[in-house]
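One file, entry.txt, is given below (compact mmCIF, C-alpha atoms and all ligand atoms).
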# COMPACT_ATOMS: atom_id res chain seq x y z
CA MET A 26 0.00 0.00 0.00
CA LYS A 27 1.28 3.45 -0.87
CA ASN A 28 0.34 6.69 0.82
CA ILE A 29 -0.34 9.37 -1.77
CA LEU A 30 -0.48 13.17 -1.77
CA LEU A 31 -2.11 14.71 -4.84
CA LEU A 32 -1.63 18.45 -5.43
CA GLY A 33 -4.32 20.61 -7.03
CA SER A 34 -7.98 21.50 -6.83
CA GLY A 35 -9.47 21.25 -10.32
CA GLY A 36 -11.62 18.84 -12.28
CA ARG A 37 -8.41 17.16 -13.40
CA GLU A 38 -7.41 16.43 -9.82
CA CYS A 39 -10.90 15.21 -8.96
CA ALA A 40 -10.72 12.70 -11.83
CA ILE A 41 -7.22 11.61 -10.81
CA ALA A 42 -8.36 11.28 -7.17
CA TRP A 43 -11.32 9.16 -8.28
CA LYS A 44 -8.98 6.87 -10.20
CA LEU A 45 -6.21 6.60 -7.60
CA SER A 46 -8.66 5.85 -4.81
CA GLN A 47 -9.97 2.81 -6.72
CA SER A 48 -6.57 1.13 -6.61
CA PRO A 49 -6.01 -1.66 -4.08
CA LEU A 50 -2.48 -0.23 -3.81
CA CYS A 51 -3.73 3.17 -2.59
CA GLY A 52 -3.07 3.63 1.13
CA THR A 53 -3.92 6.84 2.94
CA PHE A 54 -4.75 9.45 0.39
CA PHE A 55 -4.55 13.23 0.69
CA ILE A 56 -5.35 16.04 -1.70
CA ALA A 57 -3.96 19.55 -1.25
CA PRO A 58 -5.99 21.68 -1.34
CA GLY A 59 -8.68 19.65 -3.17
CA ASN A 60 -12.33 20.62 -3.55
CA ALA A 61 -15.78 19.43 -2.47
CA GLY A 62 -15.49 16.46 -4.84
CA THR A 63 -12.07 15.17 -3.85
CA ARG A 64 -13.30 14.81 -0.23
CA GLU A 65 -15.16 11.73 -1.37
CA TYR A 66 -11.93 10.00 -2.33
CA GLY A 67 -9.44 11.14 0.30
CA THR A 68 -8.66 13.80 2.90
CA ASN A 69 -8.29 17.40 1.78
CA LEU A 70 -5.39 19.31 3.33
CA PRO A 71 -5.63 23.11 3.51
CA LEU A 72 -2.30 23.65 1.78
CA SER A 73 -1.35 25.57 -1.34
CA TYR A 74 0.32 23.47 -4.00
CA ASN A 75 3.04 26.10 -4.21
CA ASP A 76 3.91 25.85 -0.51
CA PHE A 77 6.87 23.45 -0.78
CA GLU A 78 7.75 23.65 2.94
CA GLY A 79 4.16 22.90 3.90
CA ILE A 80 4.08 20.00 1.44
CA LYS A 81 7.33 18.70 2.91
CA LYS A 82 5.88 18.75 6.43
CA ALA A 83 2.74 16.94 5.27
CA CYS A 84 4.81 14.30 3.44
CA ILE A 85 6.83 13.55 6.56
CA GLU A 86 3.85 13.63 8.93
CA TYR A 87 1.70 11.35 6.79
CA LYS A 88 4.54 9.11 5.56
CA ILE A 89 3.78 9.85 1.94
CA ASP A 90 5.22 7.46 -0.66
CA ILE A 91 3.95 9.15 -3.83
CA LEU A 92 3.64 12.88 -4.59
CA PHE A 93 1.44 13.60 -7.60
CA PRO A 94 1.49 17.27 -8.70
CA GLY A 95 -1.62 17.89 -10.83
CA PRO A 96 -0.93 21.41 -12.15
CA GLU A 97 2.20 22.75 -13.85
CA ASP A 98 3.11 25.49 -11.37
CA PRO A 99 4.85 23.35 -8.74
CA LEU A 100 6.61 21.34 -11.46
CA VAL A 101 7.90 24.41 -13.28
CA ALA A 102 8.93 25.86 -9.90
CA GLY A 103 11.04 22.72 -9.32
CA ILE A 104 9.17 20.53 -6.84
CA TYR A 105 10.86 17.42 -8.27
CA ASP A 106 14.34 18.82 -7.57
CA PHE A 107 13.18 20.10 -4.17
CA PHE A 108 12.24 16.52 -3.24
CA LYS A 109 15.28 14.82 -4.74
CA ASN A 110 17.71 17.25 -3.07
CA ASP A 111 16.23 16.73 0.39
CA PRO A 112 17.41 13.65 2.34
CA ASP A 113 14.03 13.47 4.14
CA LEU A 114 12.05 13.45 0.89
CA ARG A 115 14.35 11.77 -1.61
CA HIS A 116 12.69 8.36 -1.29
CA ILE A 117 9.29 9.75 -2.34
CA ILE A 118 8.14 9.02 -5.89
CA VAL A 119 7.33 12.29 -7.68
CA VAL A 120 4.99 11.92 -10.66
CA GLY A 121 6.45 14.65 -12.81
CA PRO A 122 9.63 15.91 -14.44
CA SER A 123 12.64 17.77 -13.07
CA LYS A 124 12.65 21.55 -13.19
CA GLU A 125 14.65 21.35 -16.40
CA GLY A 126 12.19 18.91 -17.98
CA ALA A 127 9.24 21.07 -16.95
CA GLN A 128 10.75 23.83 -19.09
CA LEU A 129 9.08 22.08 -22.01
CA GLU A 130 5.99 23.84 -20.68
CA GLY A 131 7.58 26.62 -18.63
CA SER A 132 9.41 28.23 -21.54
CA LYS A 133 8.12 28.39 -25.08
CA ALA A 134 11.61 29.36 -26.28
CA PHE A 135 13.09 26.29 -24.56
CA SER A 136 10.52 23.99 -26.14
CA LYS A 137 10.93 25.53 -29.59
CA LYS A 138 14.71 25.06 -29.43
CA PHE A 139 14.26 21.50 -28.19
CA MET A 140 11.96 20.72 -31.12
CA ALA A 141 14.39 22.29 -33.58
CA ARG A 142 17.25 20.14 -32.22
CA HIS A 143 15.20 16.98 -32.67
CA ASN A 144 13.48 17.82 -35.96
CA ILE A 145 10.05 17.73 -34.36
CA PRO A 146 7.47 19.43 -36.59
CA THR A 147 6.20 22.76 -35.21
CA ALA A 148 5.43 26.26 -36.50
CA ALA A 149 8.40 28.31 -37.77
CA TYR A 150 9.33 30.94 -35.18
CA HIS A 151 11.72 33.56 -33.86
CA GLU A 152 12.26 34.74 -30.31
CA PHE A 153 12.64 38.37 -29.25
CA THR A 154 13.20 40.48 -26.11
CA ALA A 155 13.05 44.22 -25.34
CA GLU A 156 16.61 44.54 -26.73
CA SER A 157 15.54 43.08 -30.06
CA PHE A 158 12.17 44.89 -30.16
CA GLU A 159 12.86 46.71 -33.44
CA ARG A 160 13.94 43.50 -35.14
CA GLY A 161 10.76 41.89 -33.83
CA VAL A 162 8.61 44.60 -35.36
CA ALA A 163 10.44 44.19 -38.67
CA TYR A 164 9.86 40.41 -38.47
CA ILE A 165 6.14 40.97 -37.85
CA LYS A 166 5.94 43.32 -40.82
CA ARG A 167 7.48 40.68 -43.07
CA SER A 168 5.03 38.01 -41.82
CA GLU A 169 1.75 36.97 -43.33
CA PRO A 170 -1.17 37.36 -40.84
CA PRO A 171 -2.56 35.76 -38.78
CA ILE A 172 0.55 36.07 -36.61
CA VAL A 173 0.94 34.18 -33.34
CA ILE A 174 2.56 36.04 -30.43
CA LYS A 175 3.40 34.00 -27.32
CA ALA A 176 4.77 34.99 -23.94
CA ASP A 177 7.71 32.71 -23.18
CA GLY A 178 6.71 31.74 -19.65
CA LEU A 179 3.59 30.63 -17.77
CA ALA A 180 0.77 33.14 -18.15
CA ALA A 181 -2.24 31.19 -16.85
CA GLY A 182 -3.36 30.32 -20.38
CA LYS A 183 -3.56 33.97 -21.42
CA GLY A 184 -0.13 34.40 -22.96
CA VAL A 185 -1.04 33.64 -26.59
CA VAL A 186 -2.41 36.21 -29.04
CA ILE A 187 -3.44 35.30 -32.55
CA ALA A 188 -3.26 38.67 -34.31
CA GLN A 189 -5.31 39.11 -37.45
CA ASP A 190 -3.20 41.96 -38.80
CA ILE A 191 0.20 43.62 -38.42
CA VAL A 192 -1.07 46.44 -36.20
CA GLU A 193 -2.66 44.06 -33.71
CA ALA A 194 0.47 41.90 -33.74
CA VAL A 195 2.79 44.82 -32.99
CA LYS A 196 0.45 45.98 -30.22
CA ALA A 197 0.42 42.55 -28.55
CA PHE A 198 4.20 42.21 -28.96
CA ARG A 199 4.81 45.64 -27.44
CA ALA A 200 2.48 44.95 -24.51
CA MET A 201 4.36 41.76 -23.74
CA VAL A 202 8.02 42.70 -24.12
CA MET A 203 8.04 46.45 -23.52
CA ASN A 204 5.21 46.78 -20.98
CA GLN A 205 5.76 43.36 -19.40
CA GLN A 206 2.09 42.47 -19.56
CA PHE A 207 2.82 39.09 -17.99
CA GLY A 208 5.77 40.20 -15.84
CA ASP A 209 8.87 38.04 -16.25
CA ALA A 210 6.84 35.54 -18.29
CA SER A 211 6.73 37.98 -21.22
CA LYS A 212 10.29 39.35 -21.05
CA LYS A 213 10.91 36.97 -23.89
CA VAL A 214 8.38 36.43 -26.68
CA VAL A 215 8.04 33.82 -29.38
CA ILE A 216 6.53 34.96 -32.67
CA GLU A 217 5.41 32.10 -34.85
CA GLN A 218 3.68 31.05 -38.00
CA PHE A 219 -0.06 30.42 -37.77
CA LEU A 220 -0.98 26.81 -38.37
CA ASP A 221 -4.39 26.21 -39.85
CA GLY A 222 -5.86 22.91 -38.77
CA ILE A 223 -7.73 20.97 -36.12
CA GLU A 224 -6.31 20.45 -32.62
CA LEU A 225 -6.05 17.40 -30.42
CA SER A 226 -4.30 16.44 -27.20
CA VAL A 227 -2.12 13.36 -26.91
CA PHE A 228 -0.73 12.11 -23.60
CA ALA A 229 2.31 9.96 -22.93
CA PHE A 230 3.33 8.63 -19.54
CA THR A 231 7.06 8.02 -19.40
CA ASP A 232 9.73 6.62 -17.09
CA GLY A 233 12.43 8.49 -19.00
CA THR A 234 13.12 5.63 -21.41
CA ASN A 235 9.85 3.86 -22.10
CA TYR A 236 6.43 5.34 -22.43
CA ILE A 237 2.81 4.35 -22.71
CA LEU A 238 0.13 6.26 -24.60
CA LEU A 239 -3.07 7.23 -22.86
CA PRO A 240 -6.30 7.76 -24.82
CA GLU A 241 -6.19 10.92 -26.95
CA ALA A 242 -8.71 13.74 -26.45
CA LYS A 243 -9.97 16.98 -27.90
CA ASP A 244 -10.87 19.94 -25.75
CA TYR A 245 -13.00 22.99 -26.52
CA LYS A 246 -11.23 26.11 -25.34
CA ARG A 247 -13.45 29.02 -26.35
CA ILE A 248 -16.20 30.27 -24.05
CA GLY A 249 -18.83 30.68 -26.78
CA VAL A 250 -20.89 28.31 -28.86
CA GLY A 251 -19.32 27.66 -32.28
CA ASP A 252 -15.79 28.17 -30.88
CA THR A 253 -16.23 31.91 -30.44
CA GLY A 254 -15.20 34.41 -27.78
CA LEU A 255 -12.42 34.32 -25.22
CA ASN A 256 -10.14 31.39 -24.50
CA THR A 257 -10.85 29.50 -21.29
CA GLY A 258 -9.13 26.65 -19.49
CA GLY A 259 -11.47 24.36 -21.44
CA MET A 260 -15.25 24.02 -21.65
CA GLY A 261 -15.51 20.33 -22.43
CA ALA A 262 -13.69 17.41 -23.99
CA ILE A 263 -14.21 14.19 -25.88
CA SER A 264 -12.26 10.96 -26.31
CA PRO A 265 -11.50 9.23 -28.63
CA VAL A 266 -10.89 11.80 -31.36
CA PRO A 267 -12.52 10.58 -34.59
CA PHE A 268 -9.88 12.01 -36.93
CA ALA A 269 -6.96 10.50 -35.00
CA GLY A 270 -6.88 7.22 -36.90
CA GLU A 271 -4.11 4.64 -36.92
CA GLU A 272 -2.18 6.16 -39.80
CA PHE A 273 -2.24 9.64 -38.29
CA MET A 274 -1.29 8.35 -34.83
CA LYS A 275 1.66 6.50 -36.36
CA LYS A 276 2.92 9.82 -37.70
CA VAL A 277 2.42 11.33 -34.24
CA THR A 278 4.45 8.52 -32.68
CA ASP A 279 7.26 8.50 -35.24
CA ARG A 280 7.65 12.24 -35.76
CA ILE A 281 6.75 13.61 -32.35
CA ILE A 282 6.49 11.22 -29.40
CA LEU A 283 9.57 9.09 -30.00
CA PRO A 284 11.86 12.03 -30.86
CA THR A 285 10.62 13.83 -27.73
CA ILE A 286 11.15 10.94 -25.29
CA ASN A 287 14.46 9.96 -26.91
CA GLY A 288 15.56 13.60 -27.15
CA LEU A 289 14.97 14.22 -23.44
CA LYS A 290 16.96 11.12 -22.58
CA ALA A 291 19.80 11.89 -24.99
CA GLU A 292 20.14 15.37 -23.49
CA GLY A 293 20.18 14.00 -19.94
CA ILE A 294 17.00 15.85 -18.99
CA VAL A 295 15.33 13.99 -16.11
CA TYR A 296 11.73 13.40 -17.11
CA HIS A 297 9.24 11.03 -15.51
CA GLY A 298 5.51 11.47 -15.63
CA PHE A 299 3.16 12.94 -18.17
CA VAL A 300 4.01 14.62 -21.44
CA PHE A 301 1.01 16.42 -22.90
CA PHE A 302 1.39 17.02 -26.63
CA GLY A 303 -0.86 19.85 -27.79
CA LEU A 304 -1.05 18.97 -31.49
CA ILE A 305 -2.63 20.36 -34.60
CA LYS A 306 -3.44 18.35 -37.71
CA VAL A 307 -2.61 20.38 -40.79
CA GLY A 308 -3.69 18.49 -43.91
CA ASN A 309 -2.78 14.97 -42.82
CA ASP A 310 0.29 15.89 -40.81
CA PRO A 311 0.71 16.52 -37.07
CA TYR A 312 2.55 19.57 -35.66
CA VAL A 313 3.26 20.48 -32.05
CA ILE A 314 1.51 23.63 -30.81
CA GLU A 315 2.78 23.22 -27.28
CA TYR A 316 4.05 20.80 -24.67
CA ASN A 317 2.70 20.59 -21.15
CA CYS A 318 4.41 18.74 -18.33
CA ARG A 319 1.18 17.51 -16.72
CA MET A 320 -2.21 16.18 -17.73
CA GLY A 321 -4.77 18.44 -19.42
CA ASP A 322 -7.89 19.86 -17.87
CA PRO A 323 -10.64 19.00 -18.93
CA GLU A 324 -9.01 16.27 -21.05
CA THR A 325 -8.19 14.25 -17.92
CA GLU A 326 -11.90 14.04 -17.17
CA VAL A 327 -12.34 11.91 -20.32
CA VAL A 328 -8.89 10.29 -20.60
CA ILE A 329 -8.73 8.87 -17.08
CA PRO A 330 -12.21 7.33 -17.24
CA ARG A 331 -11.16 5.52 -20.45
CA LEU A 332 -7.91 4.19 -18.94
CA GLU A 333 -8.53 0.72 -17.58
CA ASN A 334 -5.13 0.12 -15.96
CA ASP A 335 -4.53 0.65 -12.26
CA LEU A 336 -2.98 4.13 -12.04
CA VAL A 337 -1.00 3.43 -8.86
CA GLU A 338 0.50 0.37 -10.52
CA LEU A 339 1.48 2.51 -13.52
CA ILE A 340 3.16 5.01 -11.20
CA LEU A 341 5.14 2.23 -9.51
CA LYS A 342 6.22 0.84 -12.88
CA MET A 343 7.26 4.36 -13.89
CA SER A 344 9.39 4.73 -10.77
CA GLU A 345 11.11 1.41 -11.51
CA GLY A 346 11.76 2.33 -15.14
CA LYS A 347 9.61 -0.59 -16.23
CA LEU A 348 6.80 0.92 -18.24
CA ASN A 349 7.88 -1.39 -21.07
CA GLU A 350 6.30 -4.22 -19.05
CA VAL A 351 2.88 -2.58 -19.11
CA THR A 352 0.08 -3.23 -21.58
CA VAL A 353 -2.23 -0.25 -21.70
CA GLN A 354 -5.94 -0.99 -21.76
CA HIS A 355 -8.27 1.68 -23.13
CA SER A 356 -12.03 1.34 -22.84
CA ASN A 357 -13.86 0.88 -26.15
CA LYS A 358 -16.47 3.30 -24.93
CA ALA A 359 -16.38 6.95 -25.83
CA ALA A 360 -16.28 9.54 -23.05
CA ALA A 361 -17.40 13.15 -23.08
CA THR A 362 -17.28 15.86 -20.47
CA VAL A 363 -19.23 19.10 -20.29
CA MET A 364 -17.92 21.82 -18.00
CA LEU A 365 -20.36 23.93 -16.01
CA VAL A 366 -18.88 27.37 -15.32
CA SER A 367 -19.75 30.54 -13.42
CA GLU A 368 -21.30 33.52 -15.19
CA GLY A 369 -18.61 36.01 -16.18
CA TYR A 370 -15.91 33.35 -16.63
CA PRO A 371 -13.19 33.62 -18.04
CA GLY A 372 -13.41 37.20 -16.71
CA ASP A 373 -14.48 37.99 -13.14
CA TYR A 374 -17.10 35.71 -11.66
CA PRO A 375 -18.99 35.37 -8.39
CA LYS A 376 -18.21 32.66 -5.84
CA GLY A 377 -20.21 31.06 -3.06
CA ARG A 378 -23.36 30.26 -5.06
CA LYS A 379 -25.24 27.32 -3.55
CA MET A 380 -25.39 24.27 -5.80
CA THR A 381 -28.26 21.76 -5.84
CA GLY A 382 -29.51 18.80 -7.87
CA PHE A 383 -26.62 16.40 -7.29
CA ASP A 384 -29.04 13.63 -6.29
CA LYS A 385 -30.86 13.90 -9.63
CA VAL A 386 -27.78 13.09 -11.68
CA LYS A 387 -27.89 9.58 -13.18
CA GLY A 388 -25.30 7.78 -15.25
CA SER A 389 -22.55 10.43 -15.23
CA HIS A 390 -19.47 11.03 -13.10
CA LEU A 391 -19.33 14.44 -11.51
CA PHE A 392 -15.78 15.70 -11.30
CA HIS A 393 -15.78 18.80 -9.15
CA ALA A 394 -13.57 21.75 -10.12
CA GLY A 395 -14.33 25.11 -8.46
CA THR A 396 -16.51 23.86 -5.61
CA LYS A 397 -16.22 23.81 -1.86
CA LYS A 398 -18.16 22.59 1.10
CA SER A 399 -19.72 25.37 3.15
CA ASN A 400 -21.49 24.04 6.23
CA GLU A 401 -23.85 21.44 4.78
CA ASP A 402 -23.93 22.99 1.31
CA ILE A 403 -21.74 22.70 -1.75
CA VAL A 404 -21.06 26.14 -3.21
CA THR A 405 -19.27 27.43 -6.29
CA ASN A 406 -15.67 28.44 -5.71
CA GLY A 407 -14.17 29.04 -9.14
CA GLY A 408 -14.73 29.86 -12.80
CA ARG A 409 -14.89 26.26 -13.93
CA VAL A 410 -17.22 24.59 -11.46
CA LEU A 411 -18.10 21.02 -12.38
CA ALA A 412 -17.16 18.57 -15.14
CA ILE A 413 -19.96 16.16 -16.06
CA THR A 414 -18.43 13.07 -17.68
CA SER A 415 -20.38 10.27 -19.34
CA TYR A 416 -19.57 7.15 -21.28
CA GLY A 417 -21.41 6.13 -24.43
CA ASP A 418 -21.20 3.76 -27.37
CA ASP A 419 -20.24 6.84 -29.33
CA ILE A 420 -19.46 10.48 -28.59
CA LYS A 421 -22.97 11.62 -29.35
CA LYS A 422 -24.52 9.23 -26.83
CA ALA A 423 -21.97 10.17 -24.18
CA LEU A 424 -22.65 13.85 -24.77
CA SER A 425 -26.41 13.56 -24.60
CA ARG A 426 -26.13 11.88 -21.19
CA SER A 427 -23.87 14.69 -19.92
CA TYR A 428 -26.25 17.33 -21.27
CA GLU A 429 -29.22 15.67 -19.60
CA ASN A 430 -27.44 15.80 -16.27
CA ALA A 431 -26.18 19.36 -16.86
CA GLU A 432 -29.82 20.42 -16.63
CA HIS A 433 -30.20 18.82 -13.20
CA ILE A 434 -27.40 20.74 -11.49
CA GLU A 435 -28.54 24.16 -10.47
CA TYR A 436 -26.85 27.32 -9.21
CA GLU A 437 -27.31 30.96 -10.01
CA GLY A 438 -25.35 32.03 -13.08
CA LYS A 439 -24.75 28.51 -14.45
CA TYR A 440 -23.36 28.46 -18.00
CA PHE A 441 -22.10 25.71 -20.29
CA ARG A 442 -21.49 25.29 -23.97
CA ASN A 443 -24.22 23.23 -25.60
CA ASP A 444 -22.13 22.29 -28.64
CA ILE A 445 -19.22 20.23 -27.32
CA GLY A 446 -18.28 17.67 -29.99
CA TRP A 447 -20.43 19.52 -32.51
CA GLU A 448 -18.22 18.74 -35.48
CA PHE A 449 -18.55 14.98 -34.93
CA GLU A 450 -22.35 14.77 -34.79
P1 LIG A 501 -0.70 27.46 -26.42
O1 LIG A 501 -0.77 28.11 -25.07
O2 LIG A 501 0.64 27.50 -27.05
O3 LIG A 501 -1.35 26.10 -26.41
O4 LIG A 501 -1.71 28.29 -27.35
C1 LIG A 501 -3.06 28.45 -27.01
C2 LIG A 501 -3.93 28.22 -28.20
O5 LIG A 501 -3.58 29.14 -29.25
C3 LIG A 501 -3.74 26.85 -28.84
O6 LIG A 501 -4.53 25.88 -28.24
C4 LIG A 501 -4.16 27.11 -30.27
O7 LIG A 501 -5.57 27.11 -30.38
C5 LIG A 501 -3.68 28.51 -30.51
N1 LIG A 501 -2.35 28.49 -31.17
C6 LIG A 501 -1.15 28.55 -30.56
N2 LIG A 501 -0.15 28.52 -31.45
C7 LIG A 501 -0.72 28.45 -32.67
C8 LIG A 501 -0.21 28.40 -34.01
N3 LIG A 501 1.09 28.45 -34.27
N4 LIG A 501 -1.09 28.33 -35.02
C9 LIG A 501 -2.43 28.31 -34.76
N5 LIG A 501 -2.96 28.36 -33.55
C10 LIG A 501 -2.13 28.44 -32.50
N1 LIG A 502 -6.99 21.85 -21.73
C1 LIG A 502 -5.73 22.39 -22.02
C2 LIG A 502 -4.78 22.35 -20.92
O1 LIG A 502 -4.94 21.66 -19.93
O2 LIG A 502 -3.74 23.00 -21.03
Re-express the file's structure as structure tokens.
Amino acid sequence: MKNILLLGSGGRECAIAWKLSQSPLCGTFFIAPGNAGTREYGTNLPLSYNDFEGIKKACIEYKIDILFPGPEDPLVAGIYDFFKNDPDLRHIIVVGPSKEGAQLEGSKAFSKKFMARHNIPTAAYHEFTAESFERGVAYIKRSEPPIVIKADGLAAGKGVVIAQDIVEAVKAFRAMVMNQQFGDASKKVVIEQFLDGIELSVFAFTDGTNYILLPEAKDYKRIGVGDTGLNTGGMGAISPVPFAGEEFMKKVTDRIILPTINGLKAEGIVYHGFVFFGLIKVGNDPYVIEYNCRMGDPETEVVIPRLENDLVELILKMSEGKLNEVTVQHSNKAAATVMLVSEGYPGDYPKGRKMTGFDKVKGSHLFHAGTKKSNEDIVTNGGRVLAITSYGDDIKKALSRSYENAEHIEYEGKYFRNDIGWEFE
């Protein structure tokens, strides 16, 4: 039995908590800070996932064997190295890469250079800083719109601008590098070619040498119906992805996954855990839009339900470098998730709205995101509130079940997109 501490408080962490807690290998199980949903699977600890000293104390007190960081922040801030450099924590399995490995997500410039070194297909790009501002403007003027401007570092999903003309591109570029719109995260900026295609998310779980592939997924990032309006963390997801057939996935493996895993190893970059490939299919070819060093949200809410293997066992195999011994089992069923959000999201939104109707939900998993327990009630506590995941013989059936149940959950200001998976109907 292994004692586990999972970091995070989103729908992703709720789905991971649900899965971990089903394992016969799961001992005492804590989530920090968790939400109203994760309480059903383990004990929530009132601890920020960025509080490394607090996490250390909890790991010692509760004799934790496995630390599972859900979000990218602690990984990019170096929680793996923090654990491996501390004699009291070194023995603990950390499900995630070293600080250097997490740079695949933490620095767009780092990931672009990595891809260039390993011939991994991605958009053509240049990087610029305040010192090279004028050259950046000249580069924009030579480019064909749309032009993609990206803050180098973590910017809570807001660091990418797709400018429709030169003026907008220069404005976004200036705001980032000259006015430090995202602080240090936009001191450096990547300007890249726009890729026109359809996106999907592919997930590998690696021990640094071997890897297994989890089910692929597609998420829906825009707030509005018909993929309109502002970008969000994700309004829903489906798995499998109908256009990711065998031939296409072979290209993904040969051109992207293998060169990434082998490239990390060849460069001596310590990387265990999840690699999230944010891909785009242009014509029939895959390109990398971005890497993430953790699972996706809300993709996890459909990927994890379709994974039939014991997740704790996979983590132990990862820590032993023996993922080559594992046969991955994916469910034949489709899964879909619909995210209920708070009015105003992704801008400002209210919190503390009482939620009801949980008892009316039938045939779906509810993965809580921004919720918390307040006395006897469950109240909203975030922009993304609840992921409603269902299985089905196909995506359409899974979606209709989630939509039925979305009507049962009630709180003031509830909003969800009613067209998740629309292009596959
Ligand atoms: P990222 O944070 O790099 O994933 O970018 C956020 C979103 O912007 C992506 O999910 C894409 O929808 C879009 N995007 C980023 N880079 C490009 C690109 N080079 N071409 C087209 N769309 C892009
Ligand atoms: N759903 C996209 C992400 O997790 O980054």
Report summary line: Between A:Val328, A:Ile80, A:Leu129, A:Ile56, smallest distance to A:Gln354 by all atoms listed in the file belongs to A:Val328
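Nearest to ligand LIG 501 (chain A) of all the residues A:Glu65, A:Asp252, A:Asp310, A:Glu38 is A:Asp252, counting all atoms listed in the file.
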**Report entry** Residues near A:Arg442, cut-off 10 Å, only C-alpha atoms, skip fewer than 5 positions along chain, as a ChimeraX atom specification
**Finding:** /A:245,247-252,260-261,363-366,428
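Taking all atoms listed in the file into account, the residues near (-18.1, 24.3, -4.7), no farther than 8 Å, are Asn60, Ala61, Gly377, Arg378, Lys379, Met380, His393, Ala394, Gly395, Thr396, Lys397, Lys398, Ile403, Val404, Thr405, Asn406, Gly407 and Val410 of chain A.
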Report task. Using all atoms listed in the file, find each residue with an atom at most 6 Å away from ligand LIG 501 (chain A) and format the answer as a list in words. Result ->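 For ligand LIG 501 (chain A), the residues inside 6 Å are Ala148, Val173, Gly182, Val185, Glu217, Gln218, Phe219, Leu220, Asp221, Ile314 and Glu315 of chain A.
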Can you tell me, as a CSV table (one decimal) with C-alpha atoms, keeping the file's coordinate frame, what residues are no more than 12 Å from A:Asn309 when counting all atoms listed in the file, ignoring any on the same chain fewer than 3 positions away?
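Now in result_4.csv:
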chain,number,residue,atom,x,y,z
A,221,ASP,CA,-4.4,26.2,-39.8
A,222,GLY,CA,-5.9,22.9,-38.8
A,223,ILE,CA,-7.7,21.0,-36.1
A,268,PHE,CA,-9.9,12.0,-36.9
A,269,ALA,CA,-7.0,10.5,-35.0
A,270,GLY,CA,-6.9,7.2,-36.9
A,271,GLU,CA,-4.1,4.6,-36.9
A,272,GLU,CA,-2.2,6.2,-39.8
A,273,PHE,CA,-2.2,9.6,-38.3
A,274,MET,CA,-1.3,8.4,-34.8
A,275,LYS,CA,1.7,6.5,-36.4
A,276,LYS,CA,2.9,9.8,-37.7
A,277,VAL,CA,2.4,11.3,-34.2
A,305,ILE,CA,-2.6,20.4,-34.6
A,306,LYS,CA,-3.4,18.4,-37.7
A,312,TYR,CA,2.6,19.6,-35.7
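Taking all atoms listed in the file into account, ligand LIG 502 (chain A) lies nearest to A:Met320 out of the set A:Val227, A:Val120, A:Met320, A:Leu239.
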Report summary line: atom CA of A:Asp402 sits from atom CA of A:Arg64 at a separation of 13.5 Å
Per residue of chain A within 6 Å of ligand LIG 502 (chain A), which atom pair is closest and at what distance in Å (one decimal), using all atoms listed in the file, listed by chain and increasing number, as CSV?
residue,atom,partner,partner_atom,distance
A:Asp244,CA,A:LIG502,N1,5.9
A:Gly258,CA,A:LIG502,N1,5.7
A:Gly259,CA,A:LIG502,N1,5.1
A:Gly321,CA,A:LIG502,O1,3.3
A:Asp322,CA,A:LIG502,O1,4.0
A:Pro323,CA,A:LIG502,N1,5.4
A:Glu324,CA,A:LIG502,N1,6.0
